[in-house]
file query26.tsv (TSV, C-alpha atoms)
chain	number	residue	atom	x	y	z
L	240	MET	CA	60.27	41.13	100.10
L	241	GLY	CA	56.85	42.72	100.08
L	242	ILE	CA	54.92	43.60	96.93
L	243	ASP	CA	51.90	45.87	96.54
L	244	PRO	CA	50.71	44.99	93.03
L	245	GLY	CA	49.11	47.41	90.61
L	246	THR	CA	49.16	47.74	86.85
L	247	ARG	CA	50.08	51.45	86.91
L	248	VAL	CA	52.17	51.45	90.11
L	249	THR	CA	53.63	48.36	91.79
L	250	GLY	CA	55.30	48.99	95.10
L	251	TYR	CA	58.12	46.83	96.42
L	252	GLY	CA	60.07	46.75	99.65
L	253	VAL	CA	62.74	44.54	101.12
L	254	VAL	CA	63.12	44.18	104.88
L	255	GLU	CA	65.48	41.94	106.78
L	256	LYS	CA	65.17	40.66	110.32
L	257	ARG	CA	68.44	40.99	112.24
L	258	ASN	CA	68.36	39.79	115.82
L	259	ASN	CA	65.25	41.45	117.26
L	260	SER	CA	65.02	44.37	114.85
L	261	LEU	CA	63.85	44.98	111.30
L	262	VAL	CA	66.27	46.54	108.84
L	263	HIS	CA	65.25	48.39	105.68
L	264	ILE	CA	67.13	47.12	102.64
L	265	MET	CA	65.37	48.86	99.75
L	266	HIS	CA	62.03	50.08	98.49
L	267	GLY	CA	60.55	51.72	95.44
L	268	GLU	CA	57.91	51.69	92.78
L	269	ILE	CA	57.57	50.30	89.30
L	270	ARG	CA	55.69	53.08	87.52
L	271	GLN	CA	53.93	52.92	84.17
L	272	SER	CA	52.76	55.51	81.71
L	273	GLY	CA	49.02	56.05	81.93
L	274	LYS	CA	48.83	55.48	78.19
L	275	ALA	CA	50.79	52.23	78.04
L	276	PRO	CA	48.78	49.14	77.02
L	277	LEU	CA	48.16	46.59	79.77
L	278	SER	CA	50.39	44.01	78.08
L	279	THR	CA	53.32	46.43	78.11
L	280	CYS	CA	52.69	47.24	81.78
L	281	LEU	CA	52.64	43.57	82.76
L	282	VAL	CA	55.89	42.84	80.91
L	283	LYS	CA	57.59	45.80	82.64
L	284	ILE	CA	56.36	44.66	86.07
L	285	TYR	CA	57.64	41.15	85.38
L	286	ASN	CA	61.06	42.23	84.10
L	287	ASP	CA	61.60	44.83	86.83
L	288	LEU	CA	60.56	42.41	89.58
L	289	LEU	CA	62.95	39.76	88.24
L	290	GLU	CA	65.77	42.32	88.41
L	291	ILE	CA	64.82	43.45	91.94
L	292	ILE	CA	64.55	39.83	93.09
L	293	GLY	CA	67.96	39.11	91.55
L	294	ASP	CA	69.50	42.10	93.33
L	295	SER	CA	67.93	41.49	96.74
L	296	LEU	CA	67.71	37.66	96.82
L	297	PRO	CA	64.75	37.51	99.24
L	298	ASP	CA	63.99	34.38	101.26
L	299	ALA	CA	60.26	34.92	100.74
L	300	ILE	CA	57.84	37.19	98.92
L	301	ALA	CA	54.78	38.53	100.70
L	302	ILE	CA	52.05	39.99	98.55
L	303	GLU	CA	48.89	41.82	99.45
L	304	ASP	CA	45.77	39.86	98.63
L	305	ILE	CA	42.96	41.42	96.63
L	306	PHE	CA	40.38	43.16	98.75
L	307	TYR	CA	36.75	43.58	97.79
L	308	GLY	CA	35.99	46.69	95.81
L	309	SER	CA	33.15	48.07	93.80
L	310	ASN	CA	35.15	48.55	90.59
L	311	ILE	CA	35.37	45.07	89.05
L	312	LYS	CA	37.59	46.23	86.20
L	313	SER	CA	40.18	47.58	88.66
L	314	LEU	CA	40.08	44.34	90.66
L	315	ILE	CA	40.71	42.29	87.52
L	316	LYS	CA	43.71	44.47	86.58
L	317	GLN	CA	45.06	44.21	90.13
L	318	GLY	CA	44.67	40.43	89.89
L	319	GLU	CA	46.67	40.42	86.67
L	320	ALA	CA	49.48	42.38	88.31
L	321	ARG	CA	49.39	40.00	91.30
L	322	GLY	CA	49.67	37.05	88.94
L	323	ILE	CA	52.74	38.54	87.30
L	324	ALA	CA	54.36	39.18	90.71
L	325	ILE	CA	53.57	35.64	91.85
L	326	LEU	CA	54.98	34.25	88.59
L	327	ALA	CA	58.22	36.26	88.90
L	328	GLY	CA	58.86	35.02	92.44
L	329	SER	CA	57.77	31.45	91.74
L	330	GLN	CA	60.05	31.17	88.72
L	331	ARG	CA	62.96	32.02	91.02
L	332	GLY	CA	61.83	29.33	93.49
L	333	ILE	CA	60.90	31.84	96.18
L	334	PRO	CA	58.00	30.96	98.49
L	335	ILE	CA	55.00	33.28	98.06
L	336	HIS	CA	52.82	34.30	101.02
L	337	GLU	CA	49.59	36.28	100.79
L	338	TYR	CA	48.11	38.63	103.41
L	339	SER	CA	44.87	40.55	103.43
L	340	PRO	CA	44.98	44.34	103.83
L	341	LEU	CA	43.36	43.86	107.26
L	342	GLU	CA	46.16	41.50	108.38
L	343	VAL	CA	48.83	43.89	107.10
L	344	LYS	CA	47.37	46.93	108.85
L	345	LYS	CA	46.88	45.00	112.09
L	346	ALA	CA	50.49	43.74	112.02
L	347	VAL	CA	51.96	47.20	111.36
L	348	VAL	CA	49.60	49.64	113.09
L	349	GLY	CA	47.78	47.33	115.51
L	350	TYR	CA	44.42	48.21	113.99
L	351	GLY	CA	43.02	46.51	110.88
L	352	ARG	CA	41.07	49.54	109.70
L	353	ALA	CA	43.98	51.99	109.88
L	354	GLU	CA	44.26	54.74	107.29
L	355	LYS	CA	47.05	54.71	104.69
L	356	VAL	CA	48.76	57.68	106.35
L	357	GLN	CA	48.92	55.77	109.65
L	358	VAL	CA	50.52	52.80	107.86
L	359	GLN	CA	53.07	55.07	106.18
L	360	LYS	CA	54.04	56.72	109.49
L	361	MET	CA	54.37	53.38	111.28
L	362	VAL	CA	56.50	51.92	108.48
L	363	LYS	CA	58.77	54.97	108.76
L	364	ALA	CA	59.01	54.52	112.54
L	365	ILE	CA	59.49	50.73	112.54
L	366	LEU	CA	62.23	50.87	109.90
L	367	HIS	CA	63.83	54.10	111.20
L	368	LEU	CA	63.53	55.79	107.81
L	369	SER	CA	64.37	59.46	107.38
L	370	GLU	CA	61.28	60.09	105.23
L	371	VAL	CA	57.82	58.61	104.86
L	372	PRO	CA	57.88	56.26	101.84
L	373	SER	CA	55.44	56.77	98.97
L	374	GLU	CA	52.06	55.12	99.41
L	375	ASP	CA	52.73	52.06	97.23
L	376	ALA	CA	56.27	51.47	98.51
L	377	SER	CA	55.01	51.91	102.08
L	378	ASP	CA	52.27	49.32	101.48
L	379	ALA	CA	54.88	46.90	100.12
L	380	LEU	CA	57.16	47.45	103.12
L	381	ALA	CA	54.14	46.94	105.40
L	382	VAL	CA	53.42	43.58	103.73
L	383	ALA	CA	57.05	42.55	104.30
L	384	ILE	CA	56.85	43.62	107.95
L	385	CYS	CA	53.58	41.70	108.32
L	386	HIS	CA	55.22	38.55	106.97
L	387	ILE	CA	58.14	38.85	109.36
L	388	HIS	CA	55.74	39.29	112.30
L	389	PHE	CA	53.71	36.31	111.10
L	390	LEU	CA	56.81	34.12	110.91
L	391	LYS	CA	57.77	35.26	114.40
L	392	THR	CA	54.45	34.10	115.87
L	393	VAL	CA	54.42	30.84	113.91
L	394	SER	CA	57.93	29.82	115.00
L	395	MET	CA	57.19	30.18	118.72
call {"tool": "encode", "arguments": {"input": "query26.tsv", "output": "structure tokens"}}
result
Amino acid sequence: MGIDPGTRVTGYGVVEKRNNSLVHIMHGEIRQSGKAPLSTCLVKIYNDLLEIIGDSLPDAIAIEDIFYGSNIKSLIKQGEARGIAILAGSQRGIPIHEYSPLEVKKAVVGYGRAEKVQVQKMVKAILHLSEVPSEDASDALAVAICHIHFLKTVSM
């Protein structure tokens, strides 16, 4: 399971490796009202992730690491959402793996500085989806794909 954490939109995606191919299981977003207090947003993320984890029973959770940005307040909020996602998975005993945006883009597109649209199109192609997923769900699926590729290279 891949997670792209955010306090207003948290993307999630579940991918399974079957033989030599990747199979899309589910993806979506946990969306918040722009007016909801942060505490309410974090509780919703936590509860929804617990439900998604319970439904999909992932072997591992891959989460995008925080990247450097100029807006410190946004980074702190993203860190809070990441903490909630890590807590939800850890409470279920699921191993948590973290990947930088550069690692994710390189694993999915082959180029660490790829644009979001390129990532979305590659996720659609790799998983044989009929439509391009939303930006946050696509990022979450990309993190899951990255983790599967990483495991593939480690196990050799």
call {"tool": "atom_distance", "arguments": {"input": "query26.tsv", "atom1": "atom CA of L:Ala346", "atom2": "atom CA of L:Cys385"}}
result
5.2 Å
call {"tool": "closest_residue", "arguments": {"input": "query26.tsv", "among": "L:Ser339, L:Asn286, L:Gln271, L:Ser377", "to": "L:Ala324", "atoms": "all atoms listed in the file"}}
result
L:Asn286
call {"tool": "closest_residue", "arguments": {"input": "query26.tsv", "among": "L:Glu370, L:Asp304, L:Ile315, L:Val382", "to": "L:Lys344", "atoms": "only C-alpha atoms"}}
result
L:Val382
call {"tool": "atom_distance", "arguments": {"input": "query26.tsv", "atom1": "atom CA of L:Ala299", "atom2": "atom CA of L:Gly245"}}
result
19.6 Å
call {"tool": "closest_residue", "arguments": {"input": "query26.tsv", "among": "L:Val282, L:Ala320, L:Val348, L:Leu368", "to": "L:Thr249", "atoms": "all atoms listed in the file"}}
result
L:Ala320
call {"tool": "residues_around", "arguments": {"input": "query26.tsv", "residues": "stretch 253-258 of chain L", "least_positions_apart": "3", "cutoff": "8 Å", "atoms": "all atoms listed in the file", "output": "VMD selection string"}}
result
chain L and resid 240 to 241 261 to 266 295 297 380 383 to 384 387
call {"tool": "closest_residue", "arguments": {"input": "query26.tsv", "among": "L:Leu326, L:Leu288, L:Ile302, L:Leu314", "to": "L:Ala381", "atoms": "all atoms listed in the file"}}
result
L:Ile302
call {"tool": "closest_residue", "arguments": {"input": "query26.tsv", "among": "L:Gly273, L:Ser260, L:Val248, L:Ile325", "to": "L:Tyr285", "atoms": "all atoms listed in the file"}}
result
L:Ile325
call {"tool": "atom_distance", "arguments": {"input": "query26.tsv", "atom1": "atom CA of L:Gly293", "atom2": "atom CA of L:Ala275"}}
result
25.5 Å
call {"tool": "residues_around", "arguments": {"input": "query26.tsv", "residues": "L:Phe306", "least_positions_apart": "3", "cutoff": "12 Å", "atoms": "only C-alpha atoms", "output": "list in words"}}
result
Pro244, Glu303, Ser309, Asn310, Ile311, Ser313, Leu314, Ile315, Gln317, Gly318, Glu337, Tyr338, Ser339, Pro340, Leu341, Glu342 and Val343 of chain L
call {"tool": "closest_residue", "arguments": {"input": "query26.tsv", "among": "L:Ile292, L:Gly328, L:Leu390, L:Glu319", "to": "L:Ile305", "atoms": "only C-alpha atoms"}}
result
L:Glu319
call {"tool": "residues_around", "arguments": {"input": "query26.tsv", "residues": "L:Lys360", "least_positions_apart": "2", "cutoff": "12 Å", "atoms": "all atoms listed in the file", "output": "PyMOL selection string"}}
result
chain L and resi 344+347-348+353-358+362-374+377-378+380-381
call {"tool": "build_atoms", "arguments": {"input": "query26.tsv", "residues": "stretch 262-273 of chain L", "atoms": "all heavy atoms", "output": "tab-separated table (two decimals), in the frame of the given file"}}
result
chain	number	residue	atom	x	y	z
L	262	VAL	N	65.36	45.65	109.54
L	262	VAL	CA	66.27	46.54	108.84
L	262	VAL	C	65.77	46.76	107.41
L	262	VAL	O	65.48	45.80	106.69
L	262	VAL	CB	67.70	45.94	108.82
L	262	VAL	CG1	68.66	46.84	108.05
L	262	VAL	CG2	68.19	45.69	110.23
L	263	HIS	N	65.66	48.02	107.03
L	263	HIS	CA	65.25	48.39	105.68
L	263	HIS	C	66.41	48.11	104.73
L	263	HIS	O	67.54	48.55	104.96
L	263	HIS	CB	64.89	49.89	105.67
L	263	HIS	CG	64.69	50.43	104.31
L	263	HIS	ND1	65.68	51.09	103.63
L	263	HIS	CD2	63.60	50.42	103.50
L	263	HIS	CE1	65.21	51.47	102.45
L	263	HIS	NE2	63.95	51.08	102.35
L	264	ILE	N	66.12	47.39	103.66
L	264	ILE	CA	67.13	47.12	102.64
L	264	ILE	C	66.91	48.03	101.43
L	264	ILE	O	67.83	48.70	100.98
L	264	ILE	CB	67.11	45.63	102.20
L	264	ILE	CG1	67.30	44.70	103.42
L	264	ILE	CG2	68.15	45.36	101.13
L	264	ILE	CD1	68.60	44.85	104.17
L	265	MET	N	65.68	48.02	100.90
L	265	MET	CA	65.37	48.86	99.75
L	265	MET	C	63.86	48.95	99.59
L	265	MET	O	63.13	48.12	100.12
L	265	MET	CB	65.99	48.32	98.46
L	265	MET	CG	65.33	47.03	97.97
L	265	MET	SD	65.74	46.54	96.28
L	265	MET	CE	67.41	46.01	96.43
L	266	HIS	N	63.43	49.97	98.87
L	266	HIS	CA	62.03	50.08	98.49
L	266	HIS	C	61.91	50.97	97.26
L	266	HIS	O	62.85	51.69	96.93
L	266	HIS	CB	61.16	50.62	99.63
L	266	HIS	CG	61.36	52.07	99.93
L	266	HIS	ND1	62.31	52.51	100.82
L	266	HIS	CD2	60.76	53.18	99.45
L	266	HIS	CE1	62.28	53.82	100.89
L	266	HIS	NE2	61.34	54.28	100.06
L	267	GLY	N	60.77	50.87	96.61
L	267	GLY	CA	60.55	51.72	95.44
L	267	GLY	C	59.26	51.36	94.75
L	267	GLY	O	58.42	50.63	95.29
L	268	GLU	N	59.12	51.90	93.57
L	268	GLU	CA	57.91	51.69	92.78
L	268	GLU	C	58.29	51.38	91.33
L	268	GLU	O	59.26	51.93	90.82
L	268	GLU	CB	57.05	52.94	92.77
L	268	GLU	CG	56.55	53.37	94.12
L	268	GLU	CD	55.84	54.71	94.07
L	268	GLU	OE1	56.15	55.53	93.17
L	268	GLU	OE2	54.98	54.92	94.93
L	269	ILE	N	57.49	50.54	90.73
L	269	ILE	CA	57.57	50.30	89.30
L	269	ILE	C	56.41	51.08	88.71
L	269	ILE	O	55.25	50.73	88.93
L	269	ILE	CB	57.46	48.80	88.97
L	269	ILE	CG1	58.58	48.01	89.67
L	269	ILE	CG2	57.47	48.58	87.46
L	269	ILE	CD1	58.37	46.51	89.66
L	270	ARG	N	56.73	52.18	88.03
L	270	ARG	CA	55.69	53.08	87.52
L	270	ARG	C	55.52	52.89	86.02
L	270	ARG	O	56.49	52.63	85.31
L	270	ARG	CB	56.05	54.53	87.79
L	270	ARG	CG	56.00	54.89	89.25
L	270	ARG	CD	56.03	56.41	89.45
L	270	ARG	NE	55.44	56.73	90.73
L	270	ARG	CZ	54.15	56.92	90.94
L	270	ARG	NH1	53.30	56.85	89.95
L	270	ARG	NH2	53.69	57.20	92.14
L	271	GLN	N	54.29	53.07	85.58
L	271	GLN	CA	53.93	52.92	84.17
L	271	GLN	C	53.35	54.22	83.64
L	271	GLN	O	52.76	54.99	84.40
L	271	GLN	CB	52.84	51.84	84.02
L	271	GLN	CG	53.10	50.56	84.76
L	271	GLN	CD	54.09	49.66	84.06
L	271	GLN	OE1	54.44	49.86	82.92
L	271	GLN	NE2	54.57	48.66	84.76
L	272	SER	N	53.45	54.40	82.37
L	272	SER	CA	52.76	55.51	81.71
L	272	SER	C	51.27	55.22	81.71
L	272	SER	O	50.86	54.07	81.51
L	272	SER	CB	53.26	55.64	80.27
L	272	SER	OG	52.34	56.39	79.50
L	273	GLY	N	50.47	56.24	81.94
L	273	GLY	CA	49.02	56.05	81.93
L	273	GLY	C	48.48	55.63	80.58
L	273	GLY	O	47.38	55.11	80.47
